[in-house]
Amino acid sequence: MSKFTAANVPEHVAIIMDGNGRWANSRGLPRTMGHRKGVEAVREAVRTAGEIGIRYLTLFAFSSENWRRPEAEVSDLMGLLKAFIRRDLAELHTQNVRVRVIGDRKNLRGDVLPLLLEAEDTTRGNTGVTLVIAFNYGSRDEMTRAMQSLALDVAQGRLAPEQITSETISSRMDTAGIPDPDLILRTSGEERLSNFLLWQAAYAELIFVSELWPDFTREVFLAALEKYGRRERRFGGLSQPQTLAVGS
Ligand code: FPP
């Protein structure tokens, strides 16, 4: 049925879900309606990931910079995330989805953190898709916290500076244990990373689609995955043995 084989399915897809506000504006609706419709697109993306055999799906749900939005919109986004976990956790568990949350867990509003922890705890043993929810997440903030934890270990004599390697840095990130994304997708035609997974994006393929997030259907996802499948990834090496031209 599917044209995807284990060889061309990315292990980890990370998505910047952009364009909810524009989707709503273009229909004369309040921005909150765009976010609501966006939750439906989240459900479809998780289902599609499971069906295709993607192991990790990271979704940028709320950035550390999103606090700058009007209070009403911030509250609405918090409410949607809570409602999503309350309503969908049982279904995600049934689908064998494991939930992980990345981002700064400090300063979250009262009942958000317990729900995120419940989602992680309930699904810890699941072996299907890992749904990584980036919430109160900013890449520079994540790197700063990782550097502070390494600096503390050095200052207290638990770690020598020369023991700090790319692997130790990765292990201090919120994404510890999660492979780097193979593909970072952004919707809505914007072409930037916006402080998302900057350390982990080192060798990620980037694909930007014009559809707004609420219009990100299974078909749009599959088309992006097909495009990914046609890309050649070299990780700094060469695709095949090459002959070096020797000057005369
Ligand atoms: C960007 O659209 C989207 C967001 C800031 C939030 C994304 C959140 C959801 C889809 C809902 C909750 C998430 C989960 C995982 C249940 P925008 O508002 O920046 O759109 P615009 O650029 O058109 O204004």
# chains A, B, ... in the order shown; residues from 1 in each chain; ligands from 1

call {"tool": "residues_near_ligand", "arguments": {"ligand": "ligand 1", "cutoff": "7 Å", "atoms": "only C-alpha atoms and all ligand atoms", "output": "list in words"}}
result
Met17, Asp18, Gly19, Asn20, Gly21, Arg22, Trp23, Arg31, His35, Arg36, Gly38, Val39, Val42, Leu59, Phe60, Ala61, Phe62, Asn66, Leu77, Leu80, Leu81, Phe84 and Ile133 of chain A

call {"tool": "residues_around", "arguments": {"residues": "Gly128 in chain A", "least_positions_apart": "2", "cutoff": "8 Å", "atoms": "only C-alpha atoms", "output": "VMD selection string"}}
result
chain A and resid 50 55 95 to 98 126 130

call {"tool": "write_last_selection", "arguments": {"atoms": "N, CA, C and O atoms", "output": "PDB file, in the first residue's frame"}}
result
ATOM      1  N   GLY A  50       2.559   6.888  12.916  1.00  0.00           N
ATOM      2  CA  GLY A  50       2.496   5.492  13.359  1.00  0.00           C
ATOM      3  C   GLY A  50       2.337   4.541  12.190  1.00  0.00           C
ATOM      4  O   GLY A  50       2.984   3.498  12.110  1.00  0.00           O
ATOM      5  N   ARG A  55       9.562   6.649  14.023  1.00  0.00           N
ATOM      6  CA  ARG A  55       9.723   6.265  15.427  1.00  0.00           C
ATOM      7  C   ARG A  55       9.522   7.431  16.389  1.00  0.00           C
ATOM      8  O   ARG A  55       9.058   7.255  17.496  1.00  0.00           O
ATOM      9  N   GLN A  95      -2.937   3.462  21.254  1.00  0.00           N
ATOM     10  CA  GLN A  95      -2.164   3.399  20.003  1.00  0.00           C
ATOM     11  C   GLN A  95      -0.685   3.057  20.258  1.00  0.00           C
ATOM     12  O   GLN A  95       0.137   3.128  19.347  1.00  0.00           O
ATOM     13  N   ASN A  96      -0.342   2.766  21.532  1.00  0.00           N
ATOM     14  CA  ASN A  96       1.033   2.404  21.899  1.00  0.00           C
ATOM     15  C   ASN A  96       2.012   3.572  21.738  1.00  0.00           C
ATOM     16  O   ASN A  96       3.205   3.384  21.524  1.00  0.00           O
ATOM     17  N   VAL A  97       1.465   4.806  21.792  1.00  0.00           N
ATOM     18  CA  VAL A  97       2.311   6.003  21.652  1.00  0.00           C
ATOM     19  C   VAL A  97       2.964   6.311  22.993  1.00  0.00           C
ATOM     20  O   VAL A  97       2.317   6.257  24.039  1.00  0.00           O
ATOM     21  N   ARG A  98       4.240   6.630  22.949  1.00  0.00           N
ATOM     22  CA  ARG A  98       4.931   7.084  24.151  1.00  0.00           C
ATOM     23  C   ARG A  98       5.031   8.606  24.087  1.00  0.00           C
ATOM     24  O   ARG A  98       5.426   9.147  23.058  1.00  0.00           O
ATOM     25  N   ASN A 126       5.409   2.263  26.500  1.00  0.00           N
ATOM     26  CA  ASN A 126       4.900   2.038  25.146  1.00  0.00           C
ATOM     27  C   ASN A 126       6.040   1.980  24.130  1.00  0.00           C
ATOM     28  O   ASN A 126       7.076   2.628  24.295  1.00  0.00           O
ATOM     29  N   THR A 130       7.150   7.603  19.459  1.00  0.00           N
ATOM     30  CA  THR A 130       7.362   8.514  20.596  1.00  0.00           C
ATOM     31  C   THR A 130       6.936   9.903  20.140  1.00  0.00           C
ATOM     32  O   THR A 130       7.511  10.452  19.187  1.00  0.00           O
TER      33      THR A 130
END

call {"tool": "select_by_dssp", "arguments": {"residues": "range 16-241 of chain A", "states": "helix (DSSP H, G or I)", "output": "VMD selection string"}}
result
chain A and resid 20 to 25 31 to 52 66 to 68 71 to 94 112 to 123 139 to 155 161 to 163 166 to 172 213 to 215 218 to 230

call {"tool": "closest_residue", "arguments": {"among": "A:Ala14, A:Ala7, A:Val129, A:Ala146", "to": "Thr168 in chain A", "atoms": "only C-alpha atoms"}}
result
A:Ala146

call {"tool": "closest_residue", "arguments": {"among": "A:Ile184, A:Val112, A:Ala45, A:Ala6", "to": "Gly79 in chain A", "atoms": "only C-alpha atoms"}}
result
A:Val112

call {"tool": "residues_around", "arguments": {"residues": "Leu116 in chain A", "least_positions_apart": "6", "cutoff": "9 Å", "atoms": "only C-alpha atoms", "output": "PyMOL selection string"}}
result
chain A and resi 82+85+99-101

call {"tool": "closest_atom_pairs", "arguments": {"of": "range 52-94 of chain A", "to": "range 119-122 of chain A", "cutoff": "9 Å", "atoms": "only C-alpha atoms", "output": "tab-separated table"}}
result
residue	atom	partner	partner_atom	distance
A:Ile85	CA	A:Ala119	CA	6.9
A:Arg86	CA	A:Ala119	CA	9.0
A:Leu89	CA	A:Ala119	CA	6.6
A:Ala90	CA	A:Thr122	CA	9.0
A:His93	CA	A:Thr122	CA	7.5

call {"tool": "closest_residue", "arguments": {"among": "A:Arg124, A:Arg68, A:Arg87, A:Arg145", "to": "Arg105 in chain A", "atoms": "only C-alpha atoms"}}
result
A:Arg145

call {"tool": "residues_around", "arguments": {"residues": "Lys37 in chain A", "least_positions_apart": "5", "cutoff": "9 Å", "atoms": "only C-alpha atoms", "output": "ChimeraX atom specification"}}
result
/A:20,24,32,42,213-215

call {"tool": "select_by_dssp", "arguments": {"residues": "range 25-94 of chain A", "states": "strand (DSSP E)", "output": "list in words"}}
result
Tyr56, Leu57, Thr58, Leu59, Phe60, Ala61, Phe62 and Ser63 of chain A

call {"tool": "decode", "arguments": {"residues": "range 154-178 of chain A", "atoms": "N, CA and C atoms", "output": "short mmCIF file (atom, residue, chain, number, x, y, z; two decimals), in the first residue's frame"}}
result
data_model
loop_
_atom_site.label_atom_id
_atom_site.label_comp_id
_atom_site.auth_asym_id
_atom_site.auth_seq_id
_atom_site.Cartn_x
_atom_site.Cartn_y
_atom_site.Cartn_z
N VAL A 154 31.74 20.51 36.36
CA VAL A 154 33.17 20.84 36.27
C VAL A 154 33.58 21.57 37.54
N ALA A 155 32.79 22.56 37.96
CA ALA A 155 33.13 23.37 39.14
C ALA A 155 33.22 22.49 40.39
N GLN A 156 32.39 21.45 40.45
CA GLN A 156 32.37 20.60 41.66
C GLN A 156 33.25 19.36 41.50
N GLY A 157 34.05 19.34 40.44
CA GLY A 157 35.06 18.30 40.27
C GLY A 157 34.53 16.95 39.79
N ARG A 158 33.29 16.89 39.34
CA ARG A 158 32.75 15.60 38.86
C ARG A 158 33.11 15.34 37.40
N LEU A 159 33.53 16.38 36.69
CA LEU A 159 33.77 16.25 35.25
C LEU A 159 34.96 17.14 34.90
N ALA A 160 35.89 16.57 34.09
CA ALA A 160 37.03 17.38 33.62
C ALA A 160 36.62 18.04 32.30
N PRO A 161 37.07 19.28 32.03
CA PRO A 161 36.66 19.96 30.80
C PRO A 161 36.88 19.11 29.55
N GLU A 162 38.00 18.34 29.52
CA GLU A 162 38.28 17.56 28.31
C GLU A 162 37.34 16.36 28.17
N GLN A 163 36.58 16.07 29.23
CA GLN A 163 35.59 14.98 29.11
C GLN A 163 34.31 15.47 28.44
N ILE A 164 34.22 16.76 28.19
CA ILE A 164 33.01 17.28 27.53
C ILE A 164 33.13 17.02 26.03
N THR A 165 32.27 16.17 25.53
CA THR A 165 32.27 15.82 24.11
C THR A 165 30.89 16.16 23.54
N SER A 166 30.79 16.01 22.24
CA SER A 166 29.51 16.22 21.60
C SER A 166 28.43 15.30 22.23
N GLU A 167 28.86 14.08 22.59
CA GLU A 167 27.90 13.12 23.19
C GLU A 167 27.47 13.58 24.60
N THR A 168 28.45 14.08 25.39
CA THR A 168 28.03 14.51 26.74
C THR A 168 27.09 15.70 26.63
N ILE A 169 27.34 16.58 25.67
CA ILE A 169 26.44 17.73 25.51
C ILE A 169 25.04 17.21 25.12
N SER A 170 24.97 16.31 24.13
CA SER A 170 23.66 15.75 23.74
C SER A 170 22.94 15.13 24.93
N SER A 171 23.72 14.48 25.80
CA SER A 171 23.09 13.78 26.93
C SER A 171 22.55 14.75 27.98
N ARG A 172 22.94 16.02 27.90
CA ARG A 172 22.41 17.01 28.86
C ARG A 172 21.23 17.79 28.27
N MET A 173 20.95 17.56 27.01
CA MET A 173 19.82 18.26 26.39
C MET A 173 18.51 17.61 26.84
N ASP A 174 17.41 18.34 26.68
CA ASP A 174 16.10 17.76 27.02
C ASP A 174 15.83 16.53 26.16
N THR A 175 16.46 16.46 24.99
CA THR A 175 16.23 15.37 24.04
C THR A 175 17.13 14.16 24.30
N ALA A 176 17.79 14.11 25.48
CA ALA A 176 18.71 12.99 25.78
C ALA A 176 18.01 11.66 25.47
N GLY A 177 18.71 10.82 24.73
CA GLY A 177 18.16 9.50 24.42
C GLY A 177 17.30 9.47 23.17
N ILE A 178 17.00 10.64 22.63
CA ILE A 178 16.18 10.71 21.40
C ILE A 178 17.14 10.99 20.24
#
